Every structure is written in structure tokens, then in C-alpha cells.
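As provided, run39.txt (compact mmCIF, C-alpha atoms and all ligand atoms) reads as follows.
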# COMPACT_ATOMS: atom_id res chain seq x y z
CA MET O 1 -15.89 -19.06 -10.58
CA SER O 2 -19.16 -18.49 -8.76
CA SER O 3 -19.06 -18.05 -5.02
CA ALA O 4 -21.15 -21.20 -4.63
CA ALA O 5 -18.48 -23.18 -6.48
CA TRP O 6 -15.84 -21.60 -4.28
CA ARG O 7 -17.64 -22.68 -1.16
CA GLY O 8 -17.86 -26.21 -2.43
CA ARG O 9 -14.12 -26.50 -2.81
CA GLN O 10 -12.47 -24.29 -0.24
CA GLY O 11 -12.20 -24.06 3.50
CA ARG O 12 -14.44 -21.44 5.03
CA GLU O 13 -13.76 -19.31 8.00
CA GLY O 14 -15.57 -20.87 10.96
CA PRO O 15 -15.25 -20.16 14.65
CA GLN O 16 -12.15 -22.35 14.84
CA ALA O 17 -10.41 -20.12 12.31
CA ARG O 18 -10.22 -17.15 14.65
CA LEU O 19 -6.76 -15.77 15.11
CA PRO O 20 -5.00 -15.77 18.42
CA SER O 21 -4.52 -12.29 19.78
CA ALA O 22 -1.34 -10.45 18.93
CA GLY O 23 -0.05 -11.33 22.34
CA ALA O 24 1.70 -8.16 23.31
CA ASN O 25 2.51 -7.44 26.88
CA TYR O 26 2.89 -3.76 26.16
CA ALA O 27 -0.74 -3.56 25.28
CA ALA O 28 -2.24 -5.43 28.15
CA ASN O 29 -3.31 -2.39 30.12
CA ARG O 30 -4.31 -0.28 27.18
CA ALA O 31 -6.32 -2.78 25.22
CA ARG O 32 -9.12 -4.23 27.23
CA ARG O 33 -11.69 -4.13 24.50
CA PRO O 34 -13.53 -7.32 23.53
CA SER O 35 -12.26 -9.05 20.40
CA GLY O 36 -15.73 -9.16 18.92
CA ASP O 37 -16.22 -12.93 19.20
CA ALA O 38 -19.42 -12.40 21.15
CA ARG O 39 -20.95 -10.74 18.14
CA LEU O 40 -20.08 -13.39 15.54
CA ARG O 41 -22.85 -14.11 13.12
CA TYR O 42 -23.28 -17.14 10.92
CA HIS O 43 -24.42 -17.54 7.33
CA GLY O 44 -24.81 -21.13 6.23
CA GLY O 45 -22.71 -22.22 9.24
CA VAL O 46 -19.96 -19.75 8.41
CA SER O 47 -19.05 -16.79 10.60
CA VAL O 48 -19.99 -13.47 9.05
CA ARG O 49 -17.98 -10.57 10.37
CA ASP O 50 -19.22 -7.03 10.49
CA VAL O 51 -16.29 -5.84 8.42
CA LEU O 52 -13.32 -7.27 6.59
CA ILE O 53 -10.48 -4.83 6.01
CA ILE O 54 -8.20 -5.67 3.10
CA GLY O 55 -4.64 -4.43 3.65
CA ALA O 56 -2.63 -3.89 6.85
CA GLY O 57 -1.03 -0.61 5.81
CA PRO O 58 -1.46 2.48 7.99
CA SER O 59 -4.98 3.10 6.59
CA GLY O 60 -6.14 -0.48 7.14
CA LEU O 61 -4.72 -0.53 10.67
CA ALA O 62 -6.39 2.80 11.46
CA ALA O 63 -9.67 1.34 10.18
CA ALA O 64 -9.16 -1.71 12.41
CA ILE O 65 -8.54 0.43 15.50
CA ALA O 66 -11.66 2.49 14.75
CA SER O 67 -13.72 -0.67 14.10
CA ARG O 68 -12.65 -2.03 17.46
CA HIS O 69 -13.50 1.24 19.16
CA HIS O 70 -16.98 1.25 17.60
CA GLY O 71 -17.69 -2.33 18.65
CA LEU O 72 -17.48 -3.89 15.20
CA ASP O 73 -16.36 -7.47 14.67
CA TYR O 74 -13.49 -6.95 12.20
CA LEU O 75 -10.58 -8.78 10.65
CA VAL O 76 -7.71 -7.37 8.60
CA VAL O 77 -6.48 -9.61 5.79
CA GLU O 78 -2.96 -8.79 4.55
CA GLN O 79 -1.12 -10.43 1.68
CA GLY O 80 2.29 -9.86 3.20
CA THR O 81 3.58 -8.82 6.57
CA LEU O 82 2.31 -5.93 8.70
CA VAL O 83 2.63 -2.62 6.76
CA ASP O 84 4.05 -4.62 3.91
CA ALA O 85 4.47 -1.68 1.53
CA ILE O 86 6.61 0.22 4.04
CA ALA O 87 8.60 -2.97 4.68
CA ARG O 88 9.42 -2.99 0.95
CA PHE O 89 10.48 0.67 0.80
CA PRO O 90 14.21 1.38 0.27
CA LEU O 91 16.08 0.08 3.32
CA ASN O 92 17.63 3.44 4.17
CA MET O 93 14.53 5.51 3.52
CA VAL O 94 13.68 8.51 5.69
CA PHE O 95 10.06 9.76 5.66
CA PHE O 96 9.38 13.31 4.51
CA THR O 97 6.74 13.53 7.24
CA THR O 98 7.34 14.48 10.86
CA PRO O 99 6.57 11.63 13.29
CA GLU O 100 3.24 12.86 14.69
CA LEU O 101 1.70 12.83 11.20
CA LEU O 102 2.33 9.09 10.87
CA GLU O 103 0.63 8.25 14.17
CA ILE O 104 -2.54 6.19 14.40
CA GLY O 105 -4.78 5.29 17.35
CA GLY O 106 -3.19 8.02 19.47
CA VAL O 107 -0.03 5.94 20.02
CA PRO O 108 3.01 8.25 20.01
CA LEU O 109 5.81 7.69 17.50
CA THR O 110 9.04 8.72 19.12
CA THR O 111 12.31 9.22 17.30
CA PRO O 112 15.50 11.14 18.06
CA TYR O 113 15.44 12.45 14.47
CA GLU O 114 13.35 15.16 12.86
CA LYS O 115 11.90 12.63 10.38
CA PRO O 116 11.38 8.94 11.15
CA THR O 117 13.26 6.23 9.30
CA ARG O 118 11.69 3.19 7.65
CA ALA O 119 12.96 0.98 10.51
CA GLU O 120 11.37 3.26 13.12
CA ALA O 121 8.06 3.25 11.25
CA LEU O 122 8.07 -0.56 11.10
CA ARG O 123 8.74 -0.77 14.83
CA TYR O 124 6.04 1.80 15.48
CA TYR O 125 3.28 0.00 13.52
CA ARG O 126 4.19 -3.30 15.19
CA LYS O 127 3.77 -1.54 18.52
CA VAL O 128 0.37 -0.19 17.44
CA ALA O 129 -0.81 -3.66 16.35
CA ASP O 130 0.26 -5.04 19.73
CA THR O 131 -1.21 -2.15 21.71
CA PHE O 132 -4.68 -2.76 20.32
CA GLN O 133 -4.18 -6.51 19.83
CA LEU O 134 -5.34 -6.03 16.26
CA GLN O 135 -6.67 -9.09 14.49
CA VAL O 136 -4.61 -9.40 11.31
CA ALA O 137 -4.42 -12.49 9.10
CA MET O 138 -1.04 -12.07 7.43
CA HIS O 139 0.39 -13.68 4.28
CA GLU O 140 -3.11 -14.16 2.95
CA ARG O 141 -3.93 -12.45 -0.34
CA VAL O 142 -7.46 -11.42 -1.27
CA LEU O 143 -8.14 -12.64 -4.78
CA ALA O 144 -11.69 -11.47 -5.36
CA LEU O 145 -14.88 -10.44 -3.66
CA GLU O 146 -18.48 -10.62 -4.64
CA ARG O 147 -21.70 -9.62 -2.98
CA GLU O 148 -24.43 -12.12 -2.25
CA GLY O 149 -27.95 -11.02 -1.39
CA GLU O 150 -29.46 -7.57 -1.26
CA GLY O 151 -29.90 -4.79 1.28
CA ASP O 152 -29.26 -5.48 4.94
CA ASP O 153 -29.04 -9.23 4.36
CA GLY O 154 -26.31 -8.88 1.75
CA VAL O 155 -22.86 -10.28 2.55
CA PHE O 156 -19.52 -10.05 0.81
CA VAL O 157 -17.93 -13.35 -0.06
CA VAL O 158 -14.17 -12.81 -0.12
CA SER O 159 -11.87 -15.44 -1.58
CA THR O 160 -8.27 -15.55 -0.41
CA ARG O 161 -5.11 -17.62 -0.79
CA THR O 162 -2.34 -17.90 1.79
CA ARG O 163 1.37 -17.87 1.02
CA LEU O 164 1.34 -21.67 1.40
CA GLY O 165 -1.49 -22.02 -1.10
CA VAL O 166 -4.39 -22.59 1.30
CA GLU O 167 -7.57 -21.16 -0.21
CA ARG O 168 -10.29 -19.70 2.01
CA VAL O 169 -13.60 -17.96 1.75
CA ARG O 170 -14.34 -15.29 4.30
CA GLU O 171 -17.63 -13.46 4.70
CA ALA O 172 -18.46 -10.01 5.99
CA ARG O 173 -21.32 -7.58 5.91
CA ALA O 174 -18.99 -4.78 4.87
CA VAL O 175 -15.54 -4.56 3.28
CA VAL O 176 -12.92 -1.81 3.46
CA LEU O 177 -10.50 -1.75 0.55
CA ALA O 178 -7.23 -0.42 1.98
CA MET O 179 -4.84 -2.03 -0.47
CA GLY O 180 -2.79 1.05 -1.30
CA TYR O 181 -1.00 1.34 -4.63
CA TYR O 182 2.57 0.13 -4.09
CA ASP O 183 1.92 -3.19 -5.83
CA ARG O 184 1.17 -1.54 -9.17
CA PRO O 185 4.09 0.32 -10.73
CA ASN O 186 3.39 2.69 -13.61
CA ARG O 187 4.82 0.61 -16.42
CA LEU O 188 6.60 2.29 -19.32
CA GLY O 189 5.23 -0.27 -21.77
CA VAL O 190 8.52 -0.59 -23.65
CA PRO O 191 10.21 -3.75 -24.95
CA GLY O 192 12.58 -5.27 -22.39
CA GLU O 193 10.73 -3.94 -19.33
CA ASP O 194 10.51 -7.45 -17.85
CA LEU O 195 14.16 -8.40 -18.34
CA PRO O 196 15.78 -9.74 -15.14
CA HIS O 197 18.08 -6.73 -14.62
CA VAL O 198 15.10 -4.33 -14.69
CA SER O 199 13.13 -3.45 -11.55
CA HIS O 200 10.32 -1.06 -10.62
CA TYR O 201 11.55 -1.00 -7.00
CA TYR O 202 14.77 0.10 -5.32
CA SER O 203 15.93 -1.54 -2.12
CA GLU O 204 19.60 -0.88 -1.35
CA PRO O 205 22.83 0.12 -3.08
CA HIS O 206 25.20 -2.74 -2.33
CA PRO O 207 24.13 -5.14 -5.12
CA HIS O 208 24.76 -2.30 -7.62
CA TYR O 209 28.35 -1.60 -6.49
CA ARG O 210 30.59 -0.79 -9.52
CA ARG O 211 27.70 -1.38 -11.89
CA ARG O 212 26.29 1.01 -14.44
CA VAL O 213 22.80 1.79 -13.17
CA LEU O 214 20.25 3.67 -15.25
CA VAL O 215 17.54 5.25 -13.09
CA VAL O 216 14.35 6.42 -14.80
CA GLY O 217 12.21 9.10 -13.13
CA GLY O 218 12.46 12.62 -11.74
CA LYS O 219 10.71 12.53 -8.39
CA ASN O 220 11.73 11.53 -4.86
CA SER O 221 12.17 7.80 -5.43
CA ALA O 222 14.40 8.28 -8.47
CA CYS O 223 16.44 11.15 -6.96
CA GLU O 224 17.02 9.39 -3.64
CA ALA O 225 17.98 6.13 -5.33
CA ALA O 226 20.38 7.97 -7.66
CA LEU O 227 22.13 9.65 -4.70
CA ASP O 228 22.27 6.48 -2.60
CA LEU O 229 23.68 4.50 -5.54
CA TYR O 230 26.27 7.16 -6.42
CA ARG O 231 27.46 7.38 -2.79
CA ASN O 232 27.88 3.61 -2.65
CA GLY O 233 30.02 3.03 -5.68
CA ALA O 234 27.60 2.69 -8.60
CA HIS O 235 27.90 4.63 -11.91
CA VAL O 236 24.57 6.39 -12.17
CA THR O 237 22.70 7.80 -15.16
CA LEU O 238 19.36 9.51 -14.51
CA VAL O 239 16.82 9.66 -17.35
CA HIS O 240 13.73 11.86 -16.95
CA ARG O 241 11.06 12.80 -19.48
CA GLY O 242 10.53 16.23 -17.87
CA ALA O 243 12.72 19.29 -18.36
CA THR O 244 13.50 19.55 -14.64
CA LEU O 245 13.18 17.42 -11.53
CA GLY O 246 9.65 17.13 -10.06
CA ASP O 247 8.30 19.91 -7.84
CA SER O 248 7.64 17.47 -4.99
CA VAL O 249 11.30 16.45 -4.57
CA LYS O 250 12.20 16.85 -0.88
CA TYR O 251 13.78 20.24 -0.19
CA TRP O 252 16.92 18.65 1.23
CA VAL O 253 17.26 16.16 -1.66
CA ARG O 254 16.84 18.58 -4.58
CA PRO O 255 20.04 20.67 -4.16
CA ASP O 256 22.04 17.53 -3.44
CA VAL O 257 21.01 15.77 -6.64
CA GLU O 258 21.22 18.98 -8.72
CA ASN O 259 24.77 19.60 -7.52
CA ARG O 260 25.81 16.00 -8.23
CA ILE O 261 24.47 16.43 -11.76
CA LYS O 262 26.28 19.77 -12.18
CA GLU O 263 29.61 18.36 -11.05
CA GLY O 264 29.16 15.30 -13.30
CA SER O 265 29.02 12.71 -10.51
CA ILE O 266 25.58 11.69 -11.79
CA THR O 267 24.90 11.89 -15.53
CA ALA O 268 21.42 13.18 -16.30
CA HIS O 269 19.33 13.25 -19.49
CA PHE O 270 16.24 15.47 -19.26
CA GLU O 271 13.37 15.58 -21.78
CA THR O 272 14.39 12.06 -22.64
CA ARG O 273 12.22 8.97 -22.83
CA VAL O 274 13.08 5.29 -22.79
CA VAL O 275 12.30 3.48 -26.04
CA GLU O 276 13.67 0.00 -25.39
CA ILE O 277 15.61 -1.87 -22.72
CA ARG O 278 18.25 -4.36 -23.88
CA PRO O 279 20.44 -6.75 -21.84
CA THR O 280 23.40 -4.30 -21.65
CA SER O 281 21.97 -0.97 -22.75
CA VAL O 282 18.90 1.24 -22.89
CA VAL O 283 17.71 2.97 -26.04
CA VAL O 284 16.46 6.48 -25.28
CA GLU O 285 15.12 9.32 -27.38
CA THR O 286 15.94 12.99 -26.86
CA ALA O 287 14.41 15.63 -29.16
CA GLY O 288 13.57 12.99 -31.75
CA GLU O 289 17.10 11.51 -31.80
CA SER O 290 17.62 8.03 -30.37
CA HIS O 291 20.82 6.82 -28.74
CA ASP O 292 22.09 3.97 -26.56
CA ILE O 293 23.16 4.26 -22.91
CA ALA O 294 25.14 1.35 -21.47
CA ALA O 295 23.48 -0.12 -18.36
CA ASP O 296 23.95 -3.23 -16.22
CA ASP O 297 20.90 -2.53 -14.04
CA VAL O 298 17.80 -0.50 -14.81
CA LEU O 299 15.52 1.00 -12.15
CA LEU O 300 12.18 2.30 -13.41
CA LEU O 301 11.10 4.54 -10.53
CA THR O 302 8.16 6.24 -12.20
CA GLY O 303 5.50 5.87 -9.54
CA TYR O 304 2.62 3.57 -8.74
CA ARG O 305 -1.18 3.50 -8.97
CA ALA O 306 -4.06 1.68 -7.29
CA ASP O 307 -5.28 -1.42 -9.11
CA PRO O 308 -8.27 -0.35 -11.24
CA ALA O 309 -9.02 -3.93 -12.31
CA PHE O 310 -9.69 -5.13 -8.76
CA LEU O 311 -11.95 -2.16 -8.04
CA ARG O 312 -13.89 -2.58 -11.28
CA ALA O 313 -14.31 -6.33 -10.71
CA ALA O 314 -15.82 -5.49 -7.32
CA GLY O 315 -18.34 -3.26 -9.10
CA VAL O 316 -16.78 0.08 -8.11
CA GLN O 317 -17.15 2.86 -10.67
CA LEU O 318 -13.95 4.81 -11.44
CA ASP O 319 -13.47 8.29 -12.81
CA ALA O 320 -12.38 7.87 -16.43
CA ASP O 321 -9.45 10.31 -16.17
CA THR O 322 -8.18 9.99 -12.63
CA LEU O 323 -9.30 6.39 -11.88
CA ILE O 324 -10.47 7.67 -8.48
CA PRO O 325 -13.22 5.35 -7.18
CA ARG O 326 -16.66 6.88 -6.86
CA HIS O 327 -17.25 7.37 -3.15
CA ASP O 328 -19.07 9.40 -0.55
CA PRO O 329 -16.57 12.01 0.73
CA VAL O 330 -17.84 11.68 4.31
CA THR O 331 -18.29 7.93 4.76
CA PHE O 332 -15.90 6.71 2.02
CA GLU O 333 -18.56 4.25 0.87
CA THR O 334 -18.33 3.45 -2.83
CA ASN O 335 -21.25 3.08 -5.22
CA VAL O 336 -21.43 -0.56 -4.00
CA PRO O 337 -23.37 -0.53 -0.71
CA ASN O 338 -21.20 -1.41 2.32
CA LEU O 339 -18.01 -1.43 0.25
CA PHE O 340 -15.63 1.30 1.46
CA VAL O 341 -12.25 2.61 0.29
CA ALA O 342 -9.50 4.06 2.47
CA GLY O 343 -6.02 5.49 2.10
CA GLY O 344 -3.90 5.12 -1.01
CA GLN O 345 -6.56 3.08 -2.76
CA LEU O 346 -8.57 6.29 -3.07
CA ALA O 347 -5.91 8.08 -5.04
CA GLY O 348 -6.35 6.63 -8.53
CA VAL O 349 -3.46 7.97 -10.59
CA ARG O 350 -3.10 10.96 -8.22
CA THR O 351 -0.94 9.21 -5.69
CA GLY O 352 0.55 12.56 -4.67
CA THR O 353 -2.72 13.48 -2.95
CA ILE O 354 -3.03 10.68 -0.38
CA PHE O 355 -0.37 10.06 2.22
CA ILE O 356 -0.26 8.37 5.60
CA GLU O 357 -0.80 11.91 6.88
CA ASN O 358 -4.40 12.05 5.58
CA GLY O 359 -5.25 8.40 4.81
CA ARG O 360 -4.98 7.55 8.52
CA PHE O 361 -8.25 9.44 9.19
CA HIS O 362 -10.47 7.59 6.70
CA GLY O 363 -10.99 4.50 8.88
CA GLU O 364 -12.60 6.43 11.72
CA GLN O 365 -15.27 7.86 9.42
CA ILE O 366 -15.92 4.46 7.86
CA ALA O 367 -16.22 2.64 11.18
CA LYS O 368 -18.46 5.34 12.63
CA ALA O 369 -20.86 5.16 9.67
CA LEU O 370 -20.87 1.36 9.74
CA ALA O 371 -21.44 1.15 13.50
CA GLU O 372 -24.40 3.51 13.21
CA ARG O 373 -25.82 1.42 10.38
CA LEU O 374 -25.38 -1.86 12.25
CA GLY O 375 -26.55 -0.45 15.55
CA ARG O 376 -23.28 -1.08 17.38
CA VAL O 377 -22.24 0.88 20.44
CA ASP O 378 -18.76 2.10 21.30
CA VAL O 379 -16.80 -0.19 23.59
C1 LIG T 401 8.98 5.58 -1.19
C2 LIG T 401 7.76 6.20 -0.55
C3 LIG T 401 7.90 7.12 0.48
C4 LIG T 401 6.77 7.67 1.12
N1 LIG T 401 6.95 8.57 2.13
C5 LIG T 401 5.84 9.08 2.78
C6 LIG T 401 5.96 10.00 3.87
O1 LIG T 401 7.06 10.43 4.24
N2 LIG T 401 4.83 10.42 4.49
C7 LIG T 401 3.59 10.01 4.12
O2 LIG T 401 2.59 10.42 4.74
N3 LIG T 401 3.43 9.16 3.07
C8 LIG T 401 4.53 8.69 2.41
N4 LIG T 401 4.38 7.82 1.35
C9 LIG T 401 3.03 7.45 0.95
C10 LIG T 401 2.53 6.37 1.91
O3 LIG T 401 3.44 5.32 1.98
C11 LIG T 401 1.18 5.87 1.46
O4 LIG T 401 0.30 6.97 1.36
C12 LIG T 401 0.65 4.90 2.50
O5 LIG T 401 1.48 3.77 2.64
C13 LIG T 401 -0.74 4.48 2.12
O6 LIG T 401 -1.22 3.70 3.17
P1 LIG T 401 -2.29 2.59 2.85
O7 LIG T 401 -2.52 1.87 4.12
O8 LIG T 401 -3.43 3.18 2.14
O9 LIG T 401 -1.57 1.64 1.78
P2 LIG T 401 -0.27 0.73 1.93
O10 LIG T 401 0.65 1.26 2.96
O11 LIG T 401 0.25 0.56 0.55
O12 LIG T 401 -0.85 -0.64 2.47
C14 LIG T 401 -1.66 -1.44 1.66
C15 LIG T 401 -1.53 -2.86 2.16
O13 LIG T 401 -2.46 -3.69 1.44
C16 LIG T 401 -1.84 -4.92 1.15
N5 LIG T 401 -2.53 -5.52 0.00
C17 LIG T 401 -2.53 -5.09 -1.28
N6 LIG T 401 -3.26 -5.91 -2.05
C18 LIG T 401 -3.74 -6.88 -1.23
C19 LIG T 401 -4.56 -8.03 -1.44
N7 LIG T 401 -5.05 -8.34 -2.67
N8 LIG T 401 -4.86 -8.82 -0.39
C20 LIG T 401 -4.39 -8.53 0.86
N9 LIG T 401 -3.59 -7.45 1.12
C21 LIG T 401 -3.29 -6.64 0.09
C22 LIG T 401 -0.39 -4.54 0.87
O14 LIG T 401 0.47 -5.65 1.02
C23 LIG T 401 -0.15 -3.45 1.91
O15 LIG T 401 0.37 -3.95 3.12
C24 LIG T 401 5.49 7.30 0.69
C25 LIG T 401 5.34 6.37 -0.36
C26 LIG T 401 6.46 5.83 -0.98
C27 LIG T 401 6.25 4.85 -2.13
Take the structure I supplied and represent it as C-alpha cells, if you would.
Ligand SMILES: Cc1cc2nc3c(=O)[nH]c(=O)nc-3n(C[C@H](O)[C@H](O)[C@H](O)COP(=O)(O)OP(=O)(O)OC[C@H]3O[C@@H](n4cnc5c(N)ncnc54)[C@H](O)[C@@H]3O)c2cc1C
Amino acid sequence: MSSAAWRGRQGREGPQARLPSAGANYAANRARRPSGDARLRYHGGVSVRDVLIIGAGPSGLAAAIASRHHGLDYLVVEQGTLVDAIARFPLNMVFFTTPELLEIGGVPLTTPYEKPTRAEALRYYRKVADTFQLQVAMHERVLALEREGEGDDGVFVVSTRTRLGVERVREARAVVLAMGYYDRPNRLGVPGEDLPHVSHYYSEPHPHYRRRVLVVGGKNSACEAALDLYRNGAHVTLVHRGATLGDSVKYWVRPDVENRIKEGSITAHFETRVVEIRPTSVVVETAGESHDIAADDVLLLTGYRADPAFLRAAGVQLDADTLIPRHDPVTFETNVPNLFVAGGQLAGVRTGTIFIENGRFHGEQIAKALAERLGRVDV
């Protein structure tokens, strides 16, 4: 659908659509920066922001803080809740990163533990959003974006749909894609992958109590899920196509899972691949021989990747092998002028190269470049 057709049928973001501030008392003294309303521009009666940031993960929030600092009129649009990917991580997850490496905007993350838990990270990013009174439209999914006009007059027309089905068009002079990769599991492409007892995500052990659970994968997610399941009363079989567990498995997880395999508490099949998933079993192949493993639940924990289709539809060129978007390494601008990428979205299939640890710095470089281009001054 053309953007003109969209505009004819949908609500557009006007001045009345501005969000209320996050309303945090904690932040009152620290966040005295203007919200950017004074700088609103209009295009056909519709407000045109300086920058729309898609995704309220750590990278998107860092980009929002930097945009604010550099005097840009920004809005973050998030399909779920704040840091939605982290909210969907396993409930009992502990980060492999020490707290200071997860920090954004200079707000300290304090924890009594060596490594923060998922719950602590959620609390921390809520505190950051409140501290800077970040403007985040939540439960609003970006469906598509297209660019109208050329050069400095060009704007991005971004179509969105809220959880309740309200469709909107938002406009901005620049867009930051900070959508991460957690939405796109690496699918095995085998029959039965979409059966109801199969999932590409692991949340918690209790629903699997006394069930036969087949876990596919050999990295952190698979190893941690296997241990958590075993310790909470599930019968666990681990299937991995490699000969050994992945090199990146956390140093405190590896011996634990290896010892559980040695003692027979967790059954493991290495150099084995899944051929088909059936309602009560999984067909696997080891050294050319296929056999059945009984399973009530199947967890395919084989990693994730950024959505290449969305990037391509936006006109971004991707490396054929790695699917990494073409971008300037300093400004993170893609081959599409004023379209930037940040965080996990930059990783292509190499998700092991971008973490919160490094993705949190991209937003500052983007906002700085954009502010210079638009002639904004720091506030
Ligand atoms: C289990 C697990 C454990 C990890 N542990 C660590 C760790 O210990 N340390 C570390 O540094 N890294 C860790 N990582 C990696 C880290 O989580 C990612 O690098 C980080 O979340 C990337 O941040 P991001 O903001 O780029 O993307 P995300 O955190 O994925 O955020 C992207 C956001 O964009 C939103 N979004 C997506 N599509 C749309 C759309 N169309 N419209 C609107 N919003 C959209 C999503 O809902 C999400 O909130 C871990 C990852 C996993 C999976």
C-alpha cells in the first residue's frame, strides 16, 4: 500500500498524540531537559519528528537518551513493553555480564550479586526510562517504513499498529532501527516445527515437570534450559549437531552440564540433527542412522537473527553471507540516507558479536551525527 493510501485511511500523529511524560519522581531532579515539543515540525499538518527510534531495548533506549542530550525531537516506538526481549528471557536468567557493562545513560545498576538477574535488569531499565522521562510509545508495532522526498526535505513515513489494532502513521526525518533479533528464531525447517508442543523460547521449568523434554542446541540457552529443567523434575534429552558444546557456554555452566551428562542425569546426543518432530517423539539422525526419541515437549534453542526482510524492504543492503546491513562504522547510517541501525539489529547472523555491552554505545554516535546534520545544539 502506498504511503498516500495509508494517510487516507489511518490516524496520523498530530500534536495531540504526544505522550505524557513517564512521570517518575526519581527523575525529577536529574531530567530537566525539554521534551522537544518546541521543535516539532509539520508536514501536511502532521508533526515530523527529528528521529523515530524503533525498539525500546537497551540500544534503542541509549539512542533515545543520546537524542535527548543532543536536542533532537525523538520518539521510541516499541511493539511490546519496555525492554521487551529481556522481559521474555527465561524467568530465572542471570546475565553473563557484570552490571556496569549493562548500564546506559550513566545510571548505575546496583546488585548484591556478581552478575545481574533478569528481574534486576528489568527494574534497572524502568529506572532509566523514568530518570530521563523517555518518550516511549509501547505496544505499538512498526509494520513498514518508506521514504518520501529527497535530500534534506525527505521524511520517513512509518506505519504502525497498536496491540488494540489502532493503525497510525508517524513521520520523522531520520529513523533508527534498534529492533534486535530476539523475534526471529533460527528455524530448523523440519516437519512438525510448528506443532503446539514445540517452542523456540524457554521461559520456566514448572510447566515441564515430569515431562520428557527434548532440548535442541549446544550453546548457553540450551545448556541453561537443560539444567533448569532437570533440576525441576523434567526428563531431559539434549540434541546438538556439534561434537561438543559451544565455546561460548558460560564458564560456570559448562562443567555443570557436562557432569550431568556424564552421570546420566541429562541424556545427550552429539553430532545429531533433528529430521522431524511428531506429536510424541522426535526423529533424529546420527551418523546417517535415524532413530526416534520420545518427547512431550520440544525446545528448539538454536539462536536468533535480525529480520532481513524488514531491512531489505526499507532499502537497506545486506551482506550476502552474514546478512549484516551495510552501514558507516562511525555513524551507523545505512546506505539509505538518514536511516540508522543500532545494537542487535547490526549483527546479521553473527549475533555473538553484538551484546548490550557494545550495542549501548551506538546511539550516542548516531545522535551526535544527526544533531550535527540538523544543526541542533546540546541541551
Ligand atoms: C538469553 C539471552 C541472554 C543474554 N545475555 C546477555 C548478557 O549477559 N550480556 C549482554 O551484554 N548481552 C546478552 N544478551 C544479548 C542481548 O540481550 C542483546 O545484545 C540485546 O538485547 C540487544 O539489544 P537491542 O536493544 O539491540 O535489542 P533488543 O533488546 O532485542 O530490543 C529490541 C526491541 O525492539 C522491539 N521491536 C522489534 N521489532 C519491532 C517492531 N517491528 N516494532 C516495534 N518494536 C519492535 C522488541 O520488542 C524489543 O523490545 C543475551 C541474549 C539472550 C537471548
For this session: Tell me, as a list of chain:residue names, which residues lie within 9 Å of Val94 (chain O), counting only C-alpha atoms; anything in the same chain fewer than 4 positions away does not count.
Result: O:Pro90, O:Lys115, O:Pro116, O:Thr117, O:Arg118, O:Ala119
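With all atoms listed in the file as the atoms that count, the minimum distance from Val157 (chain O) to the choices O:Val76, O:Cys223, O:Val175, O:Leu82 is reached by O:Val175.
Here the selection is built from only C-alpha atoms, and the residues within 8 Å of (-1.6, 1.1, 10.5) turn out to be O:Ala56, O:Gly57, O:Pro58, O:Ser59, O:Gly60, O:Leu61, O:Ala62, O:Val83, O:Ile104, O:Tyr125, O:Val128, O:Ala129, O:Arg360.
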Selected residues, C-alpha atoms, written as a compact mmCIF listing (two decimals), keeping the file's coordinate frame, please.
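File produced: result_27.txt:
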# COMPACT_ATOMS: atom_id res chain seq x y z
CA ALA O 56 -2.63 -3.89 6.85
CA GLY O 57 -1.03 -0.61 5.81
CA PRO O 58 -1.46 2.48 7.99
CA SER O 59 -4.98 3.10 6.59
CA GLY O 60 -6.14 -0.48 7.14
CA LEU O 61 -4.72 -0.53 10.67
CA ALA O 62 -6.39 2.80 11.46
CA VAL O 83 2.63 -2.62 6.76
CA ILE O 104 -2.54 6.19 14.40
CA TYR O 125 3.28 0.00 13.52
CA VAL O 128 0.37 -0.19 17.44
CA ALA O 129 -0.81 -3.66 16.35
CA ARG O 360 -4.98 7.55 8.52
Exercise. Can you tell me which residues sit at most 7 Å away from ligand LIG 401 (chain T), counting only C-alpha atoms and all ligand atoms, written as an MDAnalysis selection string?
Worked result: chainID O and resid 54:60 77:86 89:90 95:97 101:102 140:143 178:183 221 342:345 354:357 359
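The closest residue to Gly303 (chain O), picked from O:Arg170, O:His362, O:Arg210, O:Lys219 and counting only C-alpha atoms, is O:Lys219.
Near Val284 (chain O), within a cut-off of 7 Å and counting only C-alpha atoms, sit the residues O:Thr272, O:Arg273, O:Val274, O:Val275, O:Ser290, O:His291, O:Asp292, with same-chain residues fewer than 6 positions away left out.
Counting only C-alpha atoms, the residue from O:Ala174, O:Ala144, O:Ala306, O:Ala87 that sits nearest to Arg49 (chain O) is O:Ala174.
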